[in-house]
Structure formats: C-alpha cells, structure tokens
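Colleague: Sharing structure10.txt (compact mmCIF, C-alpha atoms and all ligand atoms) below.
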```txt
# COMPACT_ATOMS: atom_id res chain seq x y z
CA MET L 20 133.83 -79.99 189.22
CA SER L 21 131.75 -79.73 192.33
CA LEU L 22 132.71 -81.95 195.26
CA ASN L 23 130.34 -84.69 196.34
CA ILE L 24 130.00 -83.40 199.91
CA PRO L 25 126.63 -82.40 201.45
CA ARG L 26 125.78 -78.69 201.65
CA VAL L 27 122.87 -76.60 202.80
CA LYS L 28 121.79 -73.67 200.63
CA LEU L 29 122.74 -70.24 201.96
CA VAL L 30 124.20 -68.53 198.87
CA LEU L 31 122.45 -67.49 195.65
CA LYS L 32 124.95 -68.74 193.05
CA PRO L 33 126.51 -67.51 190.93
CA THR L 34 126.94 -64.22 192.75
CA PRO L 35 127.26 -61.28 190.30
CA LEU L 36 130.67 -60.54 188.77
CA TYR L 37 131.05 -57.30 186.82
CA LYS L 38 133.41 -54.50 185.91
CA MET L 39 133.64 -51.45 188.15
CA VAL L 40 133.65 -48.97 185.30
CA ASN L 41 134.42 -45.76 187.18
CA LEU L 42 137.20 -47.22 189.31
CA SER L 43 138.74 -48.91 186.26
CA THR L 44 138.83 -45.58 184.40
CA ASP L 45 140.22 -43.70 187.41
CA LEU L 46 142.95 -46.23 188.14
CA GLY L 47 143.81 -47.32 184.60
CA VAL L 48 143.21 -51.03 185.28
CA ASN L 49 140.38 -53.42 184.50
CA LEU L 50 138.86 -53.91 187.92
CA TYR L 51 136.03 -56.40 188.48
CA ILE L 52 134.07 -57.14 191.62
CA LYS L 53 132.43 -60.39 192.76
CA ARG L 54 129.42 -59.52 194.90
CA ASP L 55 129.45 -62.23 197.55
CA ASP L 56 127.66 -59.72 199.77
CA LEU L 57 124.49 -60.30 197.69
CA SER L 58 123.17 -63.58 198.99
CA LEU L 59 120.23 -65.51 200.41
CA LEU L 60 120.77 -64.13 203.91
CA SER L 61 121.16 -60.46 204.78
CA PHE L 62 124.73 -59.08 204.55
CA GLY L 63 126.01 -62.18 202.72
CA GLY L 64 129.76 -61.94 202.88
CA ASN L 65 132.37 -64.61 202.68
CA LYS L 66 131.18 -66.67 205.63
CA LEU L 67 128.12 -68.22 204.03
CA ARG L 68 129.99 -70.34 201.48
CA LYS L 69 131.88 -71.98 204.36
CA LEU L 70 128.74 -72.41 206.44
CA GLU L 71 127.00 -74.27 203.58
CA TYR L 72 129.41 -77.16 204.20
CA THR L 73 129.91 -76.96 207.94
CA LEU L 74 126.27 -76.57 208.95
CA ALA L 75 125.33 -79.51 206.67
CA ASP L 76 127.98 -81.53 208.50
CA ALA L 77 126.58 -80.47 211.89
CA ILE L 78 123.07 -81.54 210.89
CA ASN L 79 124.28 -84.86 209.45
CA LYS L 80 126.13 -85.58 212.70
CA GLY L 81 122.92 -84.98 214.67
CA CYS L 82 124.29 -81.89 216.47
CA ASP L 83 121.76 -79.38 217.78
CA THR L 84 123.92 -76.45 218.96
CA ILE L 85 126.57 -74.54 217.00
CA VAL L 86 129.36 -73.06 219.10
CA THR L 87 131.75 -70.58 217.55
CA THR L 88 133.99 -67.68 218.40
CA GLY L 89 135.26 -64.29 217.26
CA SER L 90 135.65 -60.72 218.38
CA LEU L 91 132.68 -58.69 219.59
CA THR L 92 132.29 -57.34 216.03
CA SER L 93 132.78 -60.70 214.25
CA ASN L 94 130.89 -61.09 210.95
CA HIS L 95 131.46 -64.83 211.13
CA ALA L 96 129.76 -65.07 214.54
CA MET L 97 126.77 -63.01 213.40
CA LEU L 98 126.30 -64.91 210.13
CA THR L 99 126.73 -68.27 211.85
CA ALA L 100 123.95 -67.26 214.23
CA MET L 101 121.71 -66.13 211.36
CA ALA L 102 122.27 -69.25 209.25
CA ALA L 103 122.01 -71.67 212.18
CA LYS L 104 118.76 -70.11 213.41
CA LYS L 105 117.29 -70.33 209.91
CA LEU L 106 118.11 -74.04 209.92
CA GLY L 107 116.53 -74.54 213.35
CA LEU L 108 119.77 -75.00 215.28
CA ASN L 109 120.73 -73.39 218.61
CA VAL L 110 123.76 -71.09 218.71
CA VAL L 111 126.25 -70.12 221.38
CA LEU L 112 128.72 -67.36 220.49
CA VAL L 113 131.87 -67.19 222.59
CA LEU L 114 133.07 -63.66 221.93
CA ARG L 115 136.22 -61.82 223.04
CA SER L 116 136.29 -58.29 224.30
CA ARG L 117 138.75 -56.27 226.33
CA GLU L 118 136.17 -53.49 226.74
CA PRO L 119 134.72 -53.08 230.23
CA GLN L 120 131.18 -54.47 230.35
CA PHE L 121 129.53 -51.15 231.17
CA SER L 122 130.89 -49.52 227.98
CA ARG L 123 129.66 -52.29 225.64
CA LYS L 124 126.73 -51.03 223.63
CA VAL L 125 124.30 -53.41 221.94
CA LYS L 126 124.96 -52.20 218.39
CA GLY L 127 126.21 -53.55 215.03
CA ASN L 128 126.56 -57.31 214.85
CA LEU L 129 125.84 -57.62 218.57
CA LEU L 130 122.44 -56.01 217.99
CA ILE L 131 121.65 -58.51 215.22
CA GLU L 132 122.71 -61.39 217.50
CA HIS L 133 120.37 -59.95 220.12
CA LEU L 134 117.48 -59.88 217.61
CA LEU L 135 118.31 -63.47 216.63
CA LYS L 136 118.12 -64.40 220.32
CA ALA L 137 121.49 -66.16 220.01
CA ARG L 138 123.19 -67.02 223.30
CA VAL L 139 126.19 -64.68 223.53
CA GLU L 140 128.92 -65.19 226.14
CA VAL L 141 131.59 -62.51 226.29
CA PHE L 142 135.00 -63.30 227.78
CA ASP L 143 137.70 -60.81 228.68
CA VAL L 144 140.48 -62.87 227.04
CA GLY L 145 142.89 -62.61 224.09
CA LYS L 146 142.80 -64.73 220.90
CA GLU L 147 145.15 -67.28 222.53
CA ASP L 148 142.92 -68.02 225.53
CA VAL L 149 139.54 -68.10 223.86
CA ASN L 150 139.81 -71.84 223.20
CA ILE L 151 139.81 -72.47 226.95
CA ALA L 152 136.55 -70.53 227.20
CA MET L 153 135.16 -72.50 224.23
CA LYS L 154 135.99 -75.81 225.95
CA GLU L 155 134.19 -74.70 229.12
CA VAL L 156 131.10 -73.71 227.13
CA VAL L 157 131.11 -77.02 225.21
CA GLU L 158 131.40 -79.06 228.44
CA SER L 159 128.55 -77.15 230.06
CA LEU L 160 126.35 -77.69 226.96
CA LYS L 161 127.06 -81.43 227.12
CA ARG L 162 126.06 -81.46 230.79
CA GLU L 163 122.77 -79.81 229.74
CA GLY L 164 122.20 -82.74 227.35
CA LYS L 165 122.96 -80.76 224.16
CA LYS L 166 125.02 -82.00 221.18
CA PRO L 167 127.40 -79.16 220.33
CA TYR L 168 129.24 -78.67 217.03
CA VAL L 169 132.29 -76.41 217.21
CA LEU L 170 133.28 -74.03 214.42
CA PRO L 171 136.69 -72.38 214.68
CA LEU L 172 137.43 -68.65 214.38
CA GLY L 173 136.23 -67.30 211.01
CA GLY L 174 134.82 -70.73 210.12
CA ALA L 175 138.32 -71.58 208.88
CA SER L 176 138.19 -75.38 208.89
CA PRO L 177 139.40 -77.83 206.21
CA LEU L 178 135.73 -78.52 205.42
CA GLY L 179 134.52 -74.90 205.45
CA LEU L 180 137.21 -73.61 203.11
CA LEU L 181 135.83 -75.87 200.36
CA GLY L 182 133.24 -73.13 199.88
CA TYR L 183 136.03 -71.01 198.40
CA TYR L 184 137.45 -73.92 196.43
CA ASP L 185 134.05 -74.07 194.67
CA PHE L 186 134.12 -70.28 194.30
CA VAL L 187 137.07 -70.56 191.89
CA TYR L 188 135.06 -72.88 189.61
CA GLU L 189 132.24 -70.34 189.68
CA VAL L 190 134.60 -67.46 188.77
CA LEU L 191 136.16 -69.50 185.97
CA GLU L 192 132.76 -70.23 184.43
CA GLN L 193 131.79 -66.55 184.59
CA SER L 194 135.12 -65.34 183.23
CA LYS L 195 134.87 -67.78 180.28
CA ASN L 196 131.44 -66.39 179.44
CA MET L 197 132.83 -62.84 179.67
CA LYS L 198 135.93 -63.84 177.66
CA ILE L 199 138.39 -62.48 180.21
CA ASP L 200 141.31 -63.92 182.16
CA PHE L 201 141.96 -62.55 185.62
CA ASP L 202 145.57 -61.74 186.51
CA TYR L 203 144.82 -61.37 190.22
CA ILE L 204 142.15 -62.24 192.77
CA VAL L 205 142.37 -59.81 195.68
CA PHE L 206 140.37 -60.02 198.92
CA ALA L 207 140.71 -59.44 202.66
CA THR L 208 142.25 -62.26 204.67
CA GLY L 209 141.83 -62.77 208.40
CA SER L 210 141.37 -66.33 209.62
CA GLY L 211 142.84 -67.64 206.34
CA GLY L 212 139.99 -69.96 205.26
CA THR L 213 138.99 -67.95 202.21
CA GLN L 214 142.56 -67.74 200.96
CA ALA L 215 143.27 -71.44 201.56
CA GLY L 216 140.16 -72.41 199.57
CA ILE L 217 140.91 -70.05 196.67
CA LEU L 218 144.51 -71.26 196.49
CA LEU L 219 143.35 -74.88 196.30
CA GLY L 220 140.89 -74.05 193.52
CA VAL L 221 143.43 -72.06 191.50
CA LYS L 222 145.99 -74.86 191.85
CA LYS L 223 143.52 -77.58 190.93
CA LEU L 224 142.38 -75.70 187.81
CA LYS L 225 145.99 -74.83 186.90
CA LEU L 226 145.11 -71.13 186.55
CA LYS L 227 147.77 -68.45 186.18
CA THR L 228 145.74 -66.06 188.36
CA ARG L 229 147.72 -64.84 191.38
CA VAL L 230 145.96 -64.94 194.73
CA ILE L 231 146.54 -61.95 197.03
CA GLY L 232 145.14 -61.79 200.54
CA VAL L 233 145.22 -58.35 202.13
CA SER L 234 145.74 -58.80 205.85
CA ASP L 235 143.03 -57.43 208.15
CA GLY L 236 145.88 -56.64 210.55
CA THR L 237 146.79 -60.22 211.45
CA LEU L 238 150.53 -60.91 211.21
CA ALA L 239 151.44 -62.19 207.70
CA LYS L 240 153.93 -64.78 208.94
CA TYR L 241 151.38 -66.37 211.27
CA LEU L 242 148.66 -66.26 208.59
CA LYS L 243 150.82 -67.84 205.89
CA GLU L 244 151.63 -70.82 208.10
CA LYS L 245 147.97 -71.22 209.00
CA ILE L 246 146.85 -71.02 205.34
CA TYR L 247 149.51 -73.56 204.31
CA THR L 248 148.35 -76.08 206.92
CA LEU L 249 144.64 -75.48 206.27
CA ALA L 250 144.90 -75.83 202.48
CA ASN L 251 147.04 -78.96 202.51
CA THR L 252 145.05 -80.66 205.29
CA SER L 253 141.88 -80.04 203.31
CA SER L 254 143.42 -81.28 200.06
CA LYS L 255 144.42 -84.57 201.70
CA LYS L 256 141.18 -85.06 203.63
CA TYR L 257 138.90 -84.42 200.64
CA ASN L 258 141.12 -86.00 197.97
CA ILE L 259 141.62 -82.81 195.99
CA GLY L 260 145.03 -84.05 194.93
CA VAL L 261 147.00 -80.78 194.85
CA LYS L 262 149.62 -79.28 197.14
CA VAL L 263 149.77 -75.58 197.93
CA ASP L 264 153.40 -74.39 198.24
CA TYR L 265 154.41 -71.91 200.90
CA ASN L 266 155.60 -69.58 198.11
CA ASP L 267 152.11 -69.52 196.54
CA ILE L 268 150.77 -67.75 199.63
CA ILE L 269 150.83 -63.96 199.35
CA VAL L 270 149.66 -61.99 202.37
CA ASP L 271 150.00 -58.24 201.83
CA GLU L 272 150.26 -56.22 205.03
CA ARG L 273 150.59 -52.80 203.38
CA ALA L 274 146.89 -51.90 203.59
CA SER L 275 146.28 -53.04 207.16
CA PHE L 276 145.81 -49.38 208.14
CA GLY L 277 147.26 -49.65 211.61
CA GLY L 278 146.02 -53.13 212.60
CA TYR L 279 142.84 -55.13 213.16
CA GLY L 280 139.83 -52.96 213.88
CA LYS L 281 141.87 -49.75 213.59
CA PHE L 282 140.44 -46.92 211.49
CA THR L 283 142.69 -44.36 209.83
CA ARG L 284 141.81 -41.32 207.74
CA GLU L 285 143.21 -43.11 204.66
CA LEU L 286 140.85 -46.04 205.22
CA ILE L 287 137.81 -43.80 205.61
CA GLU L 288 138.86 -41.87 202.47
CA THR L 289 139.10 -45.16 200.53
CA ILE L 290 135.64 -46.24 201.64
CA SER L 291 134.23 -42.81 200.84
CA TYR L 292 135.82 -42.80 197.35
CA VAL L 293 134.43 -46.25 196.43
CA VAL L 294 130.91 -45.53 197.63
CA LYS L 295 130.89 -42.22 195.71
CA ARG L 296 132.26 -43.72 192.47
CA GLU L 297 130.56 -47.14 192.47
CA GLY L 298 127.73 -47.01 195.01
CA ILE L 299 129.31 -49.91 196.90
CA LEU L 300 129.79 -49.55 200.63
CA LEU L 301 132.92 -51.39 201.78
CA ASP L 302 133.37 -52.27 205.44
CA PRO L 303 136.22 -50.87 207.56
CA LEU L 304 137.48 -54.21 208.92
CA TYR L 305 137.90 -56.21 205.70
CA THR L 306 136.73 -55.14 202.24
CA GLY L 307 137.84 -51.51 202.79
CA LYS L 308 141.39 -52.80 203.29
CA ALA L 309 141.34 -55.09 200.24
C1 LIG L 401 133.76 -59.40 204.60
C2 LIG L 401 134.93 -60.25 204.99
N1 LIG L 401 135.96 -60.39 204.13
C3 LIG L 401 137.04 -61.15 204.45
C4 LIG L 401 137.13 -61.80 205.69
C5 LIG L 401 138.35 -62.63 205.99
O1 LIG L 401 138.09 -63.96 205.62
P1 LIG L 401 138.84 -65.19 206.29
O2 LIG L 401 138.47 -65.16 207.74
O3 LIG L 401 138.31 -66.39 205.59
O4 LIG L 401 140.29 -64.99 206.09
C6 LIG L 401 136.08 -61.67 206.62
C7 LIG L 401 136.15 -62.32 207.93
O5 LIG L 401 135.35 -62.10 208.80
C8 LIG L 401 134.95 -60.89 206.26
O6 LIG L 401 133.90 -60.76 207.10
```
Could you write out this file's structure as structure tokens?

Modeller:
Amino acid sequence: MSLNIPRVKLVLKPTPLYKMVNLSTDLGVNLYIKRDDLSLLSFGGNKLRKLEYTLADAINKGCDTIVTTGSLTSNHAMLTAMAAKKLGLNVVLVLRSREPQFSRKVKGNLLIEHLLKARVEVFDVGKEDVNIAMKEVVESLKREGKKPYVLPLGGASPLGLLGYYDFVYEVLEQSKNMKIDFDYIVFATGSGGTQAGILLGVKKLKLKTRVIGVSDGTLAKYLKEKIYTLANTSSKKYNIGVKVDYNDIIVDERASFGGYGKFTRELIETISYVVKREGILLDPLYTGKA
C-alpha cells in the first residue's frame, strides 16, 4: 500500500524486472535484474526514488536551493542536481576531494554537473568534516536570502528511504505476476538508505526474502548501525509500524574489491563478463560489486 506522502515524478514505474538468461545458465541459479537505471532522467539509478520524496518535501516547505554532499564522483550529487534543475530549483553540491586542484579533470559526473550549471564547491576534507563545510555553505546561502534544503550523503534520510520501501511493493506485484518468489534481494549499499527502505518493506509485507547489501567499501559495522537507526526512525516517523532488528541487517564486505573507489582486476573482469553475456554495463563503484 502506497504511503500518503507527497512525491514528485522522477521514476518510470514499474521499472523492468526480468531474468538474466545467460548469467542464470552460467551460474546455475535463477538470477533476475530490476532495471532501476531505466528511468525518466538519464542514468536513473537508485537515487531517484529517494529524491521523489525529498524534493517534494523541499518544494512544499518553500525551499529554493537544494544543498547536498558526496565524493567528487557521487551519483547522488549528480542526480540531485539533474532532478532539482528539472524542477526549477537551485543546487549547491558540497563535494569532497583529497586530489590537488590542478589534477582534477572536469569529467564523469563532474562534467554533467558542469553542463547542468550546478554550483559545485569542493572541499579538501574527509567524510567526518564535510558537515562543517555544509553548515558554512547553508549559512552563506541564508545570508544571500535563499531558503536552503539539506539532503544528507546519498540522500539517506528517513523520508528518502521510503522510495525503497515502495520499491518492495513494486517487486512483490511483479513477482506475483511472474509467479516467482525471490529468496534474496542483492544490491550495493553505501549510505544505507536503500537497504533501510528495502528492509522496512520486506518486514511490513512479512516476506521471507533475505536482504543483502554488498558494501561499496564502507565498513560493515558502521553501516549496520546507520541502517538500523535510519530504518527504525523512519518507521516511527511515518507510522509504518514495524521494527527492523539488528540481526536482519546483512552487509557483505567480501566483494568490496579493495575499498571505496578502488578498482581491481577481478572487478573489471566481472564488469566485462556481465556486459558480454547480458549487454548490461555495471558501474565500478556500486553495481559491479553487487
Ligand atoms: C548505482 C548505485 N547503487 C547503490 C548505491 C548505494 O546506495 P545507498 O547510498 O542508498 O546505500 C549507490 C549510491 O550512490 C549507487 O549510485
């Protein structure tokens, strides 16, 4: 049952769900894929479902500028900029990079942010200190007379994760039509929002499906605590009426391939194998690991 909370439309639902025939034969399992990369906005990905809720909230609160954060390569930052611009909102991206300025090339997501004419501020700080930079940016926007709305790293807020609570209802509907039951849902986990939302949905619908987040390189212990707090805060705040137990949270670190943003030969081989067998190009930071 869909929640009665305002949303903007950024995702073409339901996104396709189908069997990867070649991989299933090769691996001797029935492997399905849910194509959240195919969406209303280019690149799609898992950020748009969260942004449907959070950007609606920003608009309803009369905010005019979205402020968010991530690494220099952040998909969340790029998609927030794309979605916010489409909705006529300003964007400020507070990005982290330890690279010296002269070696930073305008490529990848940074290039798209440049084309979007998003305001990008890069700080030479770690994950821990970026909130200080965010606060400074927010204060300066207020002094300029703007009304900022802050989105956390990865869009992982109790409101945003509801996008992945809804996702479970969508999967259930599709799997009923296809007459299959899924044993596992597997995906990449980084800021924890996707996993917290899926866990809430699975719990609410009393499904037996196990939920496995493959860490993007973030420490499992830290992620599990974050997911626990996010899921249960959201459940209380939006009257979902379920409690996620710590033991329900599985974060698998085995496929982190050397840590966040690190590429190994094994990772490249995995990506190469999937694109050759299924014509699906996984990315090296997230889906390639999952
Ligand atoms: C394609 C993709 N998959 C998974 C994730 C991880 O999701 P979350 O941050 O909700 O844990 C990200 C985060 O940027 C992503 O871009």

Colleague: Give me the residues near stretch 41-56 of chain L as a ChimeraX atom specification, where near means some atom within 8 Å (using only C-alpha atoms) and where sequence neighbours in that chain fewer than 5 positions away do not count.

Modeller: /L:34-36,62-65,293,296-297

Colleague: In Å to one decimal, how far is atom CA of L:Ile268 from atom CA of L:Ile246?

Modeller: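 Straight-line distance from atom CA of L:Ile246 to atom CA of L:Ile268 works out to 7.7 Å.
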
Colleague: L:Lys222, L:Asp148, L:Leu31, L:Arg115: which is nearest L:Gly260, counting all atoms listed in the file?

Modeller: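 Closest to L:Gly260 of all the choices is L:Lys222.
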
Colleague: Just want the residues within 6 Å of ligand LIG 401 (chain L), written as JSON, numbers by chain, counting all atoms listed in the file.

Modeller: {"L": [64, 65, 94, 95, 173, 207, 208, 209, 210, 211, 212, 213, 305, 306]}

Colleague: Hey, can you check how far atom CA of L:Thr73 sits from atom CA of L:Leu170?

Modeller: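 According to the coordinates, atom CA of L:Thr73 and atom CA of L:Leu170 are separated by 7.9 Å.
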
Colleague: Write out as a count of residues only which residues come within 12 Å of L:Glu118 when counting all atoms listed in the file, dropping same-chain ones fewer than 6 positions away.

Modeller: 8

Colleague: Which one is closest to L:Tyr265: L:Lys80, L:Lys240, L:Arg26, L:Arg117? Count all atoms listed in the file.

Modeller: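 Among the listed residues, L:Lys240 lies closest to L:Tyr265.
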
Colleague: Using only C-alpha atoms, determine which residues lie at most 9 Å from L:Ala100, disregarding the query and same-chain residues fewer than 6 positions distant; provide the list as a PyMOL selection string.

Modeller: chain L and resi 85+108-112+132+135-137

Colleague: For C-alpha atoms, I'd like the residues from the last selection saved as a tab-separated table (two decimals), in the frame of the given file.

Modeller:
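Saved the output as part-v9.tsv:
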```tsv
chain	number	residue	atom	x	y	z
L	85	ILE	CA	126.57	-74.54	217.00
L	108	LEU	CA	119.77	-75.00	215.28
L	109	ASN	CA	120.73	-73.39	218.61
L	110	VAL	CA	123.76	-71.09	218.71
L	111	VAL	CA	126.25	-70.12	221.38
L	112	LEU	CA	128.72	-67.36	220.49
L	132	GLU	CA	122.71	-61.39	217.50
L	135	LEU	CA	118.31	-63.47	216.63
L	136	LYS	CA	118.12	-64.40	220.32
L	137	ALA	CA	121.49	-66.16	220.01
```

Colleague: Quote the spacing between atom CA of L:Ala239 and atom CA of L:Asp264 in Å to one decimal place.

Modeller: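 Atom-to-atom, atom CA of L:Ala239 to atom CA of L:Asp264, that is 15.6 Å.
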
Colleague: L:Glu155, L:Glu244, L:Glu163, L:Glu288: which is nearest L:Thr84, counting all atoms listed in the file?

Modeller: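 Closest to L:Thr84 of all the choices is L:Glu163.
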
Colleague: Which is closest to L:Glu147 among L:Pro167, L:Pro177, L:Gly89, L:Pro303, if we use all atoms listed in the file?

Modeller: L:Gly89

Colleague: With all atoms listed in the file as the basis for distance, which of L:Val113, L:Val190, L:Ser21, L:Asn79 is at the shortest distance from L:Pro171?

Modeller: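 Distance minimum relative to L:Pro171 lands on L:Val113.
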
Colleague: Tell me which residues come within 10 Å of (148.2, -81.8, 199.1), as an NGL selection string, counting all atoms listed in the file in the file's coordinates.

Modeller: :L and (219 or 247-248 or 250-264)

Colleague: With all atoms listed in the file as the atoms that count, which of L:Ala309, L:Ile299, L:Asn128, L:Leu249 lies nearest to L:Ala274?

Modeller: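 For L:Ala274, the nearest of the candidates is L:Ala309.
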
Colleague: Give me, as a list in words, all polymer residues having an atom no more than 9 Å from L:Lys308, counting only C-alpha atoms and skipping those fewer than 6 positions away in the same chain.

Modeller: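 In the requested form, the answer reads Phe206, Ala207, Val233, Ser234, Asp235, Ala274, Ser275, Phe276, Leu286, Thr289, Ile290, Leu301 and Asp302 of chain L.
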
Colleague: May I have the residues within 12 Å of L:Leu106 as a PyMOL selection string, using only C-alpha atoms and disregarding those fewer than 2 positions away in the same chain?

Modeller: chain L and resi 27-29+60+70-71+74-75+77-78+82-85+99-104+108-110

Colleague: Could I see stretch 186-203 of chain L restored to N, CA and C atoms, set down as an mmCIF file, in the coordinates of the input?

Modeller:
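File written: out.cif
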```cif
data_model
loop_
_atom_site.group_PDB
_atom_site.id
_atom_site.type_symbol
_atom_site.label_atom_id
_atom_site.label_comp_id
_atom_site.auth_asym_id
_atom_site.auth_seq_id
_atom_site.Cartn_x
_atom_site.Cartn_y
_atom_site.Cartn_z
ATOM 1 N N PHE L 186 134.211 -71.664 194.784
ATOM 2 C CA PHE L 186 134.120 -70.280 194.300
ATOM 3 C C PHE L 186 134.993 -70.085 193.040
ATOM 4 N N VAL L 187 136.159 -70.721 193.022
ATOM 5 C CA VAL L 187 137.070 -70.560 191.890
ATOM 6 C C VAL L 187 136.450 -71.156 190.612
ATOM 7 N N TYR L 188 135.751 -72.285 190.765
ATOM 8 C CA TYR L 188 135.060 -72.880 189.610
ATOM 9 C C TYR L 188 133.983 -71.917 189.098
ATOM 10 N N GLU L 189 133.307 -71.285 190.049
ATOM 11 C CA GLU L 189 132.240 -70.340 189.680
ATOM 12 C C GLU L 189 132.830 -69.130 188.922
ATOM 13 N N VAL L 190 133.941 -68.607 189.422
ATOM 14 C CA VAL L 190 134.600 -67.460 188.770
ATOM 15 C C VAL L 190 135.081 -67.860 187.379
ATOM 16 N N LEU L 191 135.631 -69.055 187.263
ATOM 17 C CA LEU L 191 136.160 -69.500 185.970
ATOM 18 C C LEU L 191 135.042 -69.565 184.926
ATOM 19 N N GLU L 192 133.916 -70.130 185.333
ATOM 20 C CA GLU L 192 132.760 -70.230 184.430
ATOM 21 C C GLU L 192 132.324 -68.832 183.972
ATOM 22 N N GLN L 193 132.220 -67.921 184.928
ATOM 23 C CA GLN L 193 131.790 -66.550 184.590
ATOM 24 C C GLN L 193 132.816 -65.859 183.705
ATOM 25 N N SER L 194 134.099 -66.050 184.008
ATOM 26 C CA SER L 194 135.120 -65.340 183.230
ATOM 27 C C SER L 194 135.196 -65.905 181.807
ATOM 28 N N LYS L 195 134.903 -67.208 181.644
ATOM 29 C CA LYS L 195 134.870 -67.780 180.280
ATOM 30 C C LYS L 195 133.747 -67.140 179.480
ATOM 31 N N ASN L 196 132.582 -67.006 180.138
ATOM 32 C CA ASN L 196 131.440 -66.390 179.440
ATOM 33 C C ASN L 196 131.735 -64.933 179.073
ATOM 34 N N MET L 197 132.518 -64.258 179.921
ATOM 35 C CA MET L 197 132.830 -62.840 179.670
ATOM 36 C C MET L 197 134.079 -62.684 178.810
ATOM 37 N N LYS L 198 134.702 -63.809 178.485
ATOM 38 C CA LYS L 198 135.930 -63.840 177.660
ATOM 39 C C LYS L 198 137.038 -62.969 178.266
ATOM 40 N N ILE L 199 137.274 -63.173 179.566
ATOM 41 C CA ILE L 199 138.390 -62.480 180.210
ATOM 42 C C ILE L 199 139.190 -63.477 181.065
ATOM 43 N N ASP L 200 140.457 -63.147 181.252
ATOM 44 C CA ASP L 200 141.310 -63.920 182.160
ATOM 45 C C ASP L 200 141.712 -62.989 183.287
ATOM 46 N N PHE L 201 141.559 -63.425 184.503
ATOM 47 C CA PHE L 201 141.960 -62.550 185.620
ATOM 48 C C PHE L 201 143.431 -62.765 185.951
ATOM 49 N N ASP L 202 144.165 -61.650 186.086
ATOM 50 C CA ASP L 202 145.570 -61.740 186.510
ATOM 51 C C ASP L 202 145.669 -61.959 188.007
ATOM 52 N N TYR L 203 144.762 -61.314 188.749
ATOM 53 C CA TYR L 203 144.820 -61.370 190.220
ATOM 54 C C TYR L 203 143.419 -61.558 190.804
#
```
